[in-house]
>>> print(open('query-v4.txt').read())   # compact mmCIF, C-alpha atoms and all ligand atoms
# COMPACT_ATOMS: atom_id res chain seq x y z
CA MET A 30 20.50 -16.00 -16.57
CA GLN A 31 18.11 -13.09 -16.33
CA PRO A 32 19.56 -10.02 -14.54
CA ASN A 33 19.09 -10.12 -10.78
CA PRO A 34 16.08 -7.89 -10.00
CA TYR A 35 16.63 -7.70 -6.23
CA THR A 36 18.17 -4.68 -4.53
CA PRO A 37 19.63 -5.59 -1.12
CA SER A 38 21.33 -2.24 -0.74
CA GLY A 39 19.27 0.18 -2.72
CA ARG A 40 15.96 1.45 -3.83
CA PRO A 41 13.67 -1.43 -4.82
CA ARG A 42 12.93 -1.97 -8.48
CA VAL A 43 9.33 -2.73 -7.54
CA PHE A 44 8.08 -0.80 -4.52
CA VAL A 45 5.31 -2.73 -2.75
CA GLY A 46 2.95 -2.10 0.16
CA ARG A 47 3.13 0.82 2.61
CA GLU A 48 -0.22 1.99 1.30
CA ARG A 49 -1.29 3.68 4.51
CA GLU A 50 1.92 5.71 4.81
CA ARG A 51 2.00 6.56 1.12
CA GLN A 52 -1.59 7.71 1.20
CA ARG A 53 -1.02 9.88 4.22
CA LEU A 54 2.02 11.58 2.71
CA ARG A 55 0.30 11.92 -0.64
CA ASP A 56 -2.70 13.59 0.97
CA GLN A 57 -0.46 16.08 2.73
CA LEU A 58 1.42 16.86 -0.48
CA ALA A 59 -1.85 17.24 -2.36
CA ARG A 60 -2.55 20.25 -0.18
CA VAL A 61 0.60 21.96 -1.39
CA VAL A 62 -0.23 21.18 -5.00
CA ALA A 63 -3.90 22.17 -4.86
CA TYR A 64 -3.82 25.23 -2.61
CA GLY A 65 -0.20 26.33 -2.78
CA GLU A 66 0.06 26.15 0.99
CA MET A 67 2.32 24.53 3.56
CA MET A 68 1.79 20.79 3.99
CA GLY A 69 1.43 21.00 7.79
CA PRO A 70 3.89 20.30 10.60
CA LEU A 71 7.13 18.46 9.95
CA THR A 72 6.44 14.78 9.28
CA VAL A 73 9.07 12.15 10.04
CA VAL A 74 9.09 8.54 8.95
CA THR A 75 10.81 6.47 11.62
CA GLY A 76 11.86 2.85 12.01
CA PRO A 77 14.82 0.54 12.38
CA ARG A 78 17.58 0.26 9.80
CA GLY A 79 16.59 -1.52 6.63
CA VAL A 80 12.84 -1.26 7.19
CA GLY A 81 12.30 0.92 4.11
CA LYS A 82 12.32 4.59 5.16
CA THR A 83 14.51 5.87 2.35
CA SER A 84 12.68 3.74 -0.22
CA LEU A 85 9.35 5.16 0.90
CA LEU A 86 10.61 8.73 0.65
CA ARG A 87 12.11 8.08 -2.78
CA ASP A 88 8.78 6.72 -3.93
CA VAL A 89 6.85 9.66 -2.50
CA GLY A 90 9.43 12.12 -3.89
CA GLU A 91 9.09 10.69 -7.36
CA GLN A 92 5.33 11.05 -7.25
CA ALA A 93 5.66 14.58 -5.92
CA ALA A 94 7.94 15.50 -8.82
CA GLU A 95 5.35 14.13 -11.24
CA ASN A 96 2.82 16.42 -9.59
CA GLY A 97 4.97 19.47 -10.17
CA LEU A 98 6.83 19.80 -6.89
CA VAL A 99 10.54 20.57 -7.03
CA VAL A 100 12.20 18.05 -4.72
CA ALA A 101 15.34 18.88 -2.71
CA TRP A 102 16.93 15.80 -1.12
CA VAL A 103 19.13 16.27 1.92
CA SER A 104 21.05 13.37 3.47
CA ALA A 105 21.91 14.49 6.97
CA VAL A 106 25.25 13.46 8.39
CA LYS A 107 26.33 12.46 11.85
CA GLN A 108 26.91 15.48 14.10
CA GLN A 109 26.91 17.85 11.11
CA PRO A 110 24.64 20.92 10.98
CA ILE A 111 22.03 20.60 8.24
CA LEU A 112 21.02 24.10 7.20
CA GLY A 113 23.96 24.80 4.89
CA GLU A 114 23.33 21.56 3.04
CA LEU A 115 19.59 22.21 2.94
CA ILE A 116 20.09 25.62 1.29
CA HIS A 117 22.54 24.10 -1.15
CA GLN A 118 20.20 21.25 -2.11
CA VAL A 119 17.22 23.57 -2.60
CA ARG A 120 19.26 25.78 -4.87
CA THR A 121 20.55 22.79 -6.84
CA ALA A 122 17.02 21.42 -7.20
CA LEU A 123 15.79 24.76 -8.56
CA GLU A 124 18.64 24.89 -11.04
CA ARG A 125 17.92 21.37 -12.19
CA ALA A 126 14.23 22.16 -12.61
CA GLU A 127 15.28 25.23 -14.60
CA VAL A 128 13.16 27.46 -12.43
CA LEU A 129 15.84 30.12 -12.14
CA ASP A 130 16.37 32.91 -14.64
CA PRO A 131 19.48 35.08 -14.09
CA LYS A 132 17.58 37.64 -12.02
CA SER A 133 15.90 35.19 -9.67
CA ALA A 134 19.12 33.18 -9.43
CA ARG A 135 20.81 36.32 -8.10
CA ARG A 136 18.03 36.90 -5.59
CA VAL A 137 18.16 33.27 -4.37
CA GLU A 138 21.92 33.63 -4.09
CA GLU A 139 21.51 36.77 -1.96
CA VAL A 140 19.05 35.17 0.42
CA GLY A 141 21.38 32.18 0.66
CA VAL A 142 24.27 34.45 1.60
CA GLU A 143 22.14 36.09 4.26
CA VAL A 144 21.39 32.70 5.78
CA SER A 145 25.08 31.76 5.80
CA ALA A 146 25.96 35.06 7.46
CA GLY A 147 23.34 34.44 10.15
CA ILE A 148 24.66 30.93 10.72
CA ALA A 149 28.24 32.19 10.99
CA LYS A 150 27.27 34.82 13.52
CA VAL A 151 25.42 32.28 15.63
CA SER A 152 28.23 29.71 15.43
CA ALA A 153 30.68 32.30 16.70
CA LYS A 154 28.41 32.88 19.67
CA ILE A 155 27.99 29.17 20.32
CA GLY A 156 31.75 28.71 20.06
CA SER A 157 32.27 31.14 22.90
CA SER A 158 29.58 29.70 25.18
CA ALA A 159 29.13 26.30 26.75
CA GLY A 160 26.12 24.96 24.88
CA TRP A 161 23.48 25.72 22.32
CA PRO A 162 20.98 28.55 22.79
CA ALA A 163 17.67 27.64 24.36
CA GLU A 164 15.86 29.71 21.73
CA ALA A 165 16.44 29.24 18.03
CA PRO A 166 18.36 32.33 16.93
CA ALA A 167 16.13 34.83 15.14
CA ALA A 168 19.14 35.89 13.04
CA VAL A 169 18.86 32.55 11.25
CA VAL A 170 15.14 31.69 11.51
CA GLY A 171 14.10 34.83 9.59
CA PRO A 172 16.48 34.40 6.64
CA VAL A 173 15.79 30.66 6.28
CA GLN A 174 12.09 31.36 6.27
CA ASP A 175 12.55 34.08 3.63
CA PHE A 176 14.65 31.72 1.58
CA LEU A 177 11.94 29.04 1.57
CA ARG A 178 9.18 31.53 0.88
CA HIS A 179 11.09 33.01 -1.99
CA THR A 180 12.15 29.73 -3.61
CA SER A 181 8.83 27.94 -3.20
CA ASN A 182 6.86 30.85 -4.65
CA LEU A 183 9.32 31.08 -7.51
CA VAL A 184 8.50 27.48 -8.40
CA ARG A 185 4.82 28.32 -8.37
CA GLU A 186 5.25 31.44 -10.49
CA ARG A 187 6.97 29.29 -13.10
CA GLY A 188 3.99 26.95 -13.26
CA GLY A 189 5.24 24.36 -10.76
CA ALA A 190 3.42 23.30 -7.60
CA GLY A 191 5.91 24.21 -4.89
CA LEU A 192 8.87 22.84 -2.99
CA LEU A 193 9.37 19.52 -1.20
CA VAL A 194 12.36 19.24 1.11
CA VAL A 195 13.23 15.67 2.13
CA ILE A 196 15.72 15.17 4.95
CA ASP A 197 16.90 11.59 5.31
CA GLU A 198 18.83 10.36 8.38
CA LEU A 199 17.38 13.22 10.39
CA HIS A 200 18.51 11.67 13.68
CA ALA A 201 22.17 11.69 12.64
CA PRO A 202 23.08 15.36 13.27
CA LEU A 203 21.56 15.14 16.74
CA GLU A 204 23.34 12.00 17.84
CA SER A 205 25.43 12.24 20.95
CA ARG A 206 29.17 12.61 20.47
CA GLY A 207 29.68 10.32 23.43
CA SER A 208 32.75 12.28 24.46
CA THR A 209 31.93 12.64 28.14
CA GLU A 210 31.01 9.99 30.65
CA ARG A 211 29.31 12.57 32.84
CA ASP A 212 26.71 13.87 30.41
CA PRO A 213 25.27 10.99 28.43
CA TYR A 214 23.66 13.29 25.87
CA ASP A 215 26.38 15.37 24.37
CA PRO A 216 25.46 16.48 20.85
CA GLU A 217 27.21 18.92 18.54
CA PRO A 218 25.86 22.39 19.56
CA GLN A 219 25.71 23.80 16.03
CA ALA A 220 23.82 20.72 14.79
CA VAL A 221 21.25 21.13 17.57
CA THR A 222 20.90 24.82 16.81
CA ASP A 223 20.27 24.08 13.15
CA ALA A 224 17.60 21.52 14.01
CA GLY A 225 15.99 24.06 16.35
CA VAL A 226 15.94 26.59 13.52
CA LEU A 227 14.40 24.09 11.15
CA LEU A 228 11.66 23.25 13.65
CA ASN A 229 10.93 26.92 14.27
CA VAL A 230 10.80 27.64 10.59
CA THR A 231 8.40 24.78 9.83
CA GLN A 232 6.25 25.87 12.73
CA ASN A 233 6.13 29.48 11.49
CA MET A 234 5.46 28.41 7.92
CA ASP A 235 2.56 26.29 9.07
CA ALA A 236 1.11 29.25 10.96
CA GLU A 237 1.22 31.36 7.79
CA ARG A 238 0.66 28.50 5.48
CA GLN A 239 -0.90 30.40 2.58
CA HIS A 240 2.47 32.05 1.87
CA PHE A 241 4.45 28.84 1.74
CA PRO A 242 3.86 26.21 -0.95
CA VAL A 243 6.29 23.98 0.95
CA ALA A 244 6.46 20.47 2.38
CA VAL A 245 9.16 19.15 4.70
CA ILE A 246 9.41 15.40 5.28
CA GLY A 247 12.14 13.66 7.27
CA ALA A 248 13.18 10.10 8.00
CA GLY A 249 15.31 8.60 10.72
CA LEU A 250 15.80 5.96 13.38
CA PRO A 251 13.14 5.52 16.09
CA GLN A 252 14.81 8.08 18.34
CA THR A 253 14.34 10.91 15.81
CA LYS A 254 11.30 12.52 17.37
CA ALA A 255 12.77 12.40 20.86
CA LEU A 256 15.97 14.03 19.59
CA LEU A 257 14.01 16.74 17.79
CA THR A 258 12.06 17.47 20.94
CA ARG A 259 15.33 17.97 22.80
CA ALA A 260 16.46 20.42 20.10
CA ALA A 261 13.30 22.53 20.40
CA THR A 262 10.05 22.14 22.26
CA PHE A 263 8.31 22.42 18.89
CA GLY A 264 9.79 19.02 18.14
CA GLU A 265 6.84 17.57 20.02
CA ARG A 266 4.45 18.64 17.31
CA THR A 267 6.27 16.62 14.70
CA HIS A 268 4.04 14.03 13.03
CA GLU A 269 5.59 10.62 13.24
CA LEU A 270 4.89 7.80 10.79
CA VAL A 271 6.29 4.60 12.22
CA LEU A 272 7.35 1.95 9.71
CA GLY A 273 7.36 -1.63 10.91
CA GLU A 274 7.81 -5.08 9.45
CA MET A 275 5.74 -5.99 6.41
CA ASP A 276 2.62 -8.14 6.58
CA HIS A 277 2.67 -11.55 4.92
CA ALA A 278 1.11 -10.51 1.60
CA THR A 279 3.41 -7.52 1.21
CA ALA A 280 6.51 -9.54 2.08
CA GLU A 281 5.46 -12.10 -0.51
CA ALA A 282 5.09 -9.38 -3.13
CA VAL A 283 8.62 -8.10 -2.42
CA LEU A 284 9.88 -11.50 -3.59
CA VAL A 285 7.35 -12.35 -6.27
CA GLU A 286 6.85 -9.11 -8.19
CA PRO A 287 10.41 -8.36 -9.36
CA ALA A 288 10.81 -11.98 -10.57
CA ARG A 289 7.44 -12.07 -12.30
CA ARG A 290 8.39 -9.06 -14.42
CA LEU A 291 11.23 -11.15 -15.83
CA GLY A 292 9.00 -14.15 -16.40
CA VAL A 293 10.31 -16.07 -13.36
CA GLU A 294 8.06 -17.57 -10.66
CA TRP A 295 8.62 -18.75 -7.09
CA SER A 296 7.38 -22.25 -6.16
CA SER A 297 5.18 -22.18 -3.09
CA ASP A 298 7.75 -24.17 -1.05
CA ALA A 299 10.53 -21.79 -1.99
CA LEU A 300 8.38 -18.83 -1.10
CA ALA A 301 7.40 -20.30 2.25
CA ALA A 302 11.03 -21.00 3.15
CA ALA A 303 12.21 -17.52 2.15
CA LEU A 304 9.37 -15.78 3.96
CA GLU A 305 10.06 -17.70 7.13
CA ASP A 306 13.74 -16.68 7.08
CA ALA A 307 12.98 -13.01 6.41
CA ASP A 308 10.21 -12.51 8.95
CA GLY A 309 8.65 -9.54 7.13
CA TYR A 310 11.84 -7.51 7.19
CA PRO A 311 12.39 -5.74 3.82
CA GLN A 312 16.15 -5.75 3.75
CA THR A 313 16.32 -9.47 4.55
CA LEU A 314 13.71 -10.18 1.89
CA GLN A 315 15.86 -8.43 -0.71
CA ILE A 316 19.00 -10.22 0.47
CA ILE A 317 17.31 -13.63 0.33
CA GLY A 318 15.69 -12.86 -3.01
CA SER A 319 19.02 -11.87 -4.44
CA ALA A 320 20.90 -14.87 -3.03
CA THR A 321 18.22 -17.29 -4.26
CA TRP A 322 18.40 -15.73 -7.71
CA GLU A 323 22.18 -16.10 -7.86
CA ALA A 324 21.89 -19.72 -6.76
CA ALA A 325 19.26 -20.52 -9.40
CA ARG A 326 20.52 -18.38 -12.28
CA PRO A 327 17.03 -18.55 -13.80
CA GLU A 328 16.10 -18.02 -17.44
CA GLN A 329 12.75 -16.63 -18.49
CA GLY A 330 10.02 -19.16 -17.69
CA ALA A 331 12.01 -20.77 -14.86
CA ILE A 332 10.68 -21.53 -11.39
CA LEU A 333 12.68 -20.82 -8.24
CA GLU A 334 12.67 -23.94 -6.08
CA VAL A 335 13.22 -24.51 -2.38
CA ASN A 336 16.70 -25.94 -2.99
CA ASN A 337 17.68 -22.60 -4.56
CA VAL A 338 16.66 -20.87 -1.35
CA ILE A 339 18.69 -23.36 0.66
CA LEU A 340 21.72 -23.01 -1.62
CA GLY A 341 21.47 -19.23 -1.39
CA ARG A 342 21.28 -19.25 2.40
CA ARG A 343 25.02 -19.22 2.96
CA ALA A 344 25.49 -16.07 0.87
CA ALA A 345 22.44 -14.42 2.44
CA LEU A 346 23.71 -15.20 5.91
CA ALA A 347 27.13 -13.75 5.11
CA GLU A 348 25.50 -10.55 3.97
CA MET A 349 23.28 -10.34 7.03
CA THR A 350 26.28 -10.99 9.26
CA SER A 351 28.16 -8.08 7.81
CA LEU A 352 25.15 -5.85 8.50
CA PHE A 353 24.95 -7.08 12.09
CA HIS A 354 28.64 -6.57 12.46
CA THR A 355 28.48 -2.84 11.82
CA ARG A 356 25.72 -2.54 14.42
CA TRP A 357 27.58 -4.58 16.99
CA ALA A 358 30.75 -2.59 16.37
CA VAL A 359 29.10 0.70 17.39
CA ALA A 360 27.32 -0.71 20.47
CA SER A 361 28.67 0.31 23.87
CA GLU A 362 29.83 -2.22 26.44
CA ALA A 363 26.56 -1.87 28.40
CA GLU A 364 24.55 -2.30 25.21
CA ARG A 365 26.45 -5.45 24.28
CA GLU A 366 25.82 -6.96 27.70
CA PHE A 367 22.14 -6.12 27.36
CA LEU A 368 21.93 -7.67 23.87
CA THR A 369 23.84 -10.73 24.99
CA ALA A 370 21.50 -11.31 27.92
CA MET A 371 18.51 -10.81 25.65
CA ALA A 372 19.85 -13.25 23.04
CA GLN A 373 20.38 -15.97 25.66
CA LEU A 374 16.68 -16.08 26.45
CA PRO A 375 14.78 -18.66 24.43
CA GLU A 376 11.65 -16.68 23.48
CA SER A 377 11.64 -14.16 20.65
CA MET A 378 9.65 -11.74 22.83
CA VAL A 379 11.48 -11.11 26.08
CA SER A 380 10.36 -9.27 29.19
CA ARG A 381 12.48 -6.51 30.69
CA ALA A 382 12.40 -8.30 34.01
CA ALA A 383 13.85 -11.47 32.46
CA ILE A 384 16.77 -9.52 30.99
CA ALA A 385 17.41 -7.85 34.34
CA ALA A 386 17.36 -11.25 36.03
CA GLU A 387 19.77 -12.66 33.43
CA LEU A 388 22.16 -9.77 34.13
CA GLY A 389 21.57 -9.90 37.87
CA VAL A 390 20.56 -6.24 38.11
CA ASP A 391 17.48 -4.22 38.96
CA THR A 392 15.06 -3.56 36.06
CA ASP A 393 15.35 0.21 36.52
CA ALA A 394 19.10 0.06 36.04
CA LEU A 395 18.54 -1.00 32.43
CA GLY A 396 16.34 1.95 31.44
CA MET A 397 18.97 3.98 29.67
CA THR A 398 20.55 1.14 27.75
CA ARG A 399 17.14 -0.10 26.71
CA ARG A 400 16.15 3.35 25.44
CA SER A 401 19.34 3.82 23.48
CA LEU A 402 19.00 0.40 21.82
CA ILE A 403 15.40 1.17 20.86
CA GLY A 404 16.51 4.57 19.59
CA LYS A 405 19.13 2.95 17.39
CA GLY A 406 16.51 0.58 16.03
CA ILE A 407 18.24 -2.59 17.21
CA ILE A 408 15.44 -3.70 19.52
CA GLU A 409 11.81 -2.66 19.82
CA ALA A 410 9.05 -2.78 22.40
CA PRO A 411 5.89 -3.92 20.61
CA GLN A 412 4.13 -4.29 23.96
CA ARG A 413 4.72 -2.68 27.32
CA GLY A 414 7.59 -4.29 29.18
CA GLN A 415 8.28 -6.69 26.28
CA LEU A 416 11.24 -6.46 23.93
CA ARG A 417 12.42 -8.16 20.78
CA PHE A 418 15.13 -7.78 18.16
CA THR A 419 14.02 -5.75 15.14
CA ILE A 420 16.00 -7.75 12.58
CA PRO A 421 15.58 -11.48 12.11
CA GLY A 422 18.80 -13.37 12.78
CA PHE A 423 20.35 -10.78 15.07
CA ALA A 424 19.85 -12.91 18.21
CA GLU A 425 21.73 -15.80 16.57
CA TYR A 426 24.48 -13.42 15.55
CA VAL A 427 24.84 -12.10 19.11
CA ARG A 428 25.04 -15.67 20.44
CA GLY A 429 27.77 -16.30 17.88
CA GLN A 430 29.71 -13.28 19.13
CA VAL A 431 29.63 -14.68 22.65
CA ASP A 432 30.84 -18.11 21.48
CA ASP A 433 33.66 -16.47 19.51
CA SER A 434 34.87 -14.47 22.46
CA GLU A 435 34.86 -17.58 24.66
CA HIS A 436 37.10 -19.56 22.30
N1 LIG B 501 8.28 -1.10 -0.05
C1 LIG B 501 9.32 -1.84 -0.43
N2 LIG B 501 9.20 -2.75 -1.43
C2 LIG B 501 10.26 -3.50 -1.78
N3 LIG B 501 11.47 -3.44 -1.20
C3 LIG B 501 11.66 -2.55 -0.22
C4 LIG B 501 10.59 -1.72 0.21
N4 LIG B 501 11.05 -0.94 1.22
C5 LIG B 501 12.34 -1.27 1.37
N5 LIG B 501 12.72 -2.24 0.52
C6 LIG B 501 14.07 -2.82 0.45
O1 LIG B 501 14.56 -2.96 1.78
C7 LIG B 501 15.91 -2.53 1.89
C8 LIG B 501 16.03 -1.41 2.90
O2 LIG B 501 15.32 -0.26 2.45
P1 LIG B 501 15.76 1.23 2.82
O3 LIG B 501 17.17 1.46 2.46
O4 LIG B 501 14.73 2.08 2.22
O5 LIG B 501 15.62 1.17 4.39
P2 LIG B 501 15.91 2.30 5.46
O6 LIG B 501 14.85 2.19 6.48
O7 LIG B 501 16.11 3.60 4.79
O8 LIG B 501 17.29 1.79 6.10
P3 LIG B 501 18.46 2.64 6.79
O9 LIG B 501 17.95 3.04 8.14
O10 LIG B 501 19.60 1.67 6.89
O11 LIG B 501 18.76 3.82 5.91
C9 LIG B 501 16.36 -2.16 0.48
O12 LIG B 501 17.03 -3.28 -0.03
C10 LIG B 501 15.06 -1.92 -0.28
O13 LIG B 501 15.22 -2.28 -1.63
MG MG B 502 17.69 4.92 4.75
>>> encode(input="query-v4.txt", output="structure tokens")
Amino acid sequence: MQPNPYTPSGRPRVFVGRERERQRLRDQLARVVAYGEMMGPLTVVTGPRGVGKTSLLRDVGEQAAENGLVVAWVSAVKQQPILGELIHQVRTALERAEVLDPKSARRVEEVGVEVSAGIAKVSAKIGSSAGWPAEAPAAVVGPVQDFLRHTSNLVRERGGAGLLVVIDELHAPLESRGSTERDPYDPEPQAVTDAGVLLNVTQNMDAERQHFPVAVIGAGLPQTKALLTRAATFGERTHELVLGEMDHATAEAVLVEPARRLGVEWSSDALAAALEDADGYPQTLQIIGSATWEAARPEQGAILEVNNVILGRRAALAEMTSLFHTRWAVASEAEREFLTAMAQLPESMVSRAAIAAELGVDTDALGMTRRSLIGKGIIEAPQRGQLRFTIPGFAEYVRGQVDDSEH
């Protein structure tokens, strides 16, 4: 058998589609490369889990590196402040790119220490007060800005193009801790402060863009922009690139291209069956591709047939179920009731009113639950007042949960 070319839980071997988003990000980065100036306001790529945010940023990051940008990759963590990690990753990226001589390394170190001292001072203050400050603390904004100016210009002096900071899972630090019933939004104060600082810094850098050969791109669940706006009013100016399901031709390419490179083709029946199951959703496409491959164990020159897709379905379904399971496990009681009501309705696109009727409540009473489910990327509202599940198969899974709990 040829090695399985599908990547259900990682960066795709062949990245397809997303031309519009790639072009947009590329154009913004081209500004940094050509003029040595800030890319523009913070840009965030948003969308449900498994839609391809990280893959897109990896692809863009790789291209950026080819064009001379030093890329610092930050994976934000639930309720954890991000600035410390950001500084650390920038420094690591500079070391790796061998931009630092001993003297500049010392200088970068010093600025880093200044930032940490500012953060410590501010945390102490937050610790002794009830919440986070309404204004981003100047004691941190200034040093972070200096740090980025210094490091990005260093890259340029050494013949590079500048600095790209990528922050994946940008919603995570700002998620509610859910510790109090009273206040439904209850985030970690230091994490909110850090996000506020980041937004202020990007805003200031954009205003003085000629001094900052820097780009900052984030990715996160659909709620990211709303959470950023709560952290600082500047959050509003964030550019959002929304990733959705793939169109038919792109979805087809996700399946066909990796196989073709190994001399394996899909029959048209097999392709049609797989595409129908996956419904344009990248993660499902990779899972089905992988399961079909394992079922067929193809050699070079082989053709994947519809019976391979059918044989692979059981494994694909098991994998999807485990994904759904983690989402169901973190849903609140109210969210589960909402999802259950939604899954009982026969259409794939469901009106808010129908869900309210199913639950026997007023439509307005569902507002908060609906928003939080959209924010988590479990459901989406493609049209006003209409809702659907983002991931194919989730409705069936929810119906299964209900059956299980009844038996
Ligand atoms: N453009 C693409 N071409 C081919 N496969 C893709 C593409 N985008 C994503 N995929 C595949 O889809 C799956 C999910 O992608 P990715 O991890 O990038 O999603 P994500 O939006 O970052 O999800 P999460 O929110 O869970 O982090 C992976 O298996 C990846 O290989
Ligand atoms: Mg991701």
>>> residues_near_ligand(input="query-v4.txt", ligand="ligand LIG 501 (chain B)", cutoff="6 Å", atoms="only C-alpha atoms and all ligand atoms", output="PyMOL selection string")
chain A and resi 36-41+43-46+77-84+283+311-312+315
>>> residues_around(input="query-v4.txt", residues="His354 (chain A)", least_positions_apart="2", cutoff="12 Å", atoms="all atoms listed in the file", output="ChimeraX atom specification")
/A:346-352,356-360,422-423,426-427,429-430
>>> residues_near_point(input="query-v4.txt", point="(1.9, -2.1, 1.6)", cutoff="12 Å", atoms="all atoms listed in the file", output="PyMOL selection string")
chain A and resi 43-52+81+85+272-283+309+311
>>> atom_distance(input="query-v4.txt", atom1="CA of Gln174 (chain A)", atom2="CA of Val230 (chain A)")
5.8 Å
>>> closest_residue(input="query-v4.txt", among="A:Pro251, A:Pro110, A:Gly147, A:Phe241", to="Glu217 (chain A)", atoms="all atoms listed in the file")
A:Pro110
>>> atom_distance(input="query-v4.txt", atom1="CA of Arg135 (chain A)", atom2="CA of Val100 (chain A)")
20.5 Å
>>> closest_residue(input="query-v4.txt", among="A:Pro242, A:Pro287, A:Pro218, A:Gly249", to="ligand MG 502 (chain B)", atoms="all atoms listed in the file")
A:Gly249
>>> atom_distance(input="query-v4.txt", atom1="CA of Pro166 (chain A)", atom2="CA of Ile148 (chain A)")
9.0 Å
>>> axis_aligned_box(input="query-v4.txt", around="region 218-234 of chain A", padding_each_side="8 Å", output="JSON")
{"center_x": 15.7, "center_y": 25.1, "center_z": 13.7, "size_x": 36.4, "size_y": 24.8, "size_z": 27.6}
>>> closest_residue(input="query-v4.txt", among="A:Ile408, A:Val293, A:Leu98, A:Ala236", to="Val61 (chain A)", atoms="only C-alpha atoms")
A:Leu98
>>> residues_around(input="query-v4.txt", residues="Ile339 (chain A)", least_positions_apart="3", cutoff="10 Å", atoms="only C-alpha atoms", output="VMD selection string")
chain A and resid 299 302 to 303 317 320 to 321 324 334 to 336 342 to 345
>>> residues_around(input="query-v4.txt", residues="Asn33 (chain A)", least_positions_apart="4", cutoff="10 Å", atoms="all atoms listed in the file", output="mmCIF file with C-alpha atoms, in the frame of the given file")
data_model
loop_
_atom_site.group_PDB
_atom_site.id
_atom_site.type_symbol
_atom_site.label_atom_id
_atom_site.label_comp_id
_atom_site.auth_asym_id
_atom_site.auth_seq_id
_atom_site.Cartn_x
_atom_site.Cartn_y
_atom_site.Cartn_z
ATOM 1 C CA PRO A 287 10.410 -8.360 -9.360
ATOM 2 C CA ALA A 288 10.810 -11.980 -10.570
ATOM 3 C CA LEU A 291 11.230 -11.150 -15.830
ATOM 4 C CA GLY A 318 15.690 -12.860 -3.010
ATOM 5 C CA SER A 319 19.020 -11.870 -4.440
ATOM 6 C CA ALA A 320 20.900 -14.870 -3.030
ATOM 7 C CA THR A 321 18.220 -17.290 -4.260
ATOM 8 C CA TRP A 322 18.400 -15.730 -7.710
ATOM 9 C CA GLU A 323 22.180 -16.100 -7.860
ATOM 10 C CA ARG A 326 20.520 -18.380 -12.280
ATOM 11 C CA PRO A 327 17.030 -18.550 -13.800
#
>>> closest_residue(input="query-v4.txt", among="A:Glu328, A:Asp298, A:Asp308, A:Asp197", to="ligand MG 502 (chain B)", atoms="all atoms listed in the file")
A:Asp197
>>> closest_residue(input="query-v4.txt", among="A:Thr75, A:Thr231, A:Gln31, A:Gln239", to="ligand MG 502 (chain B)", atoms="all atoms listed in the file")
A:Thr75
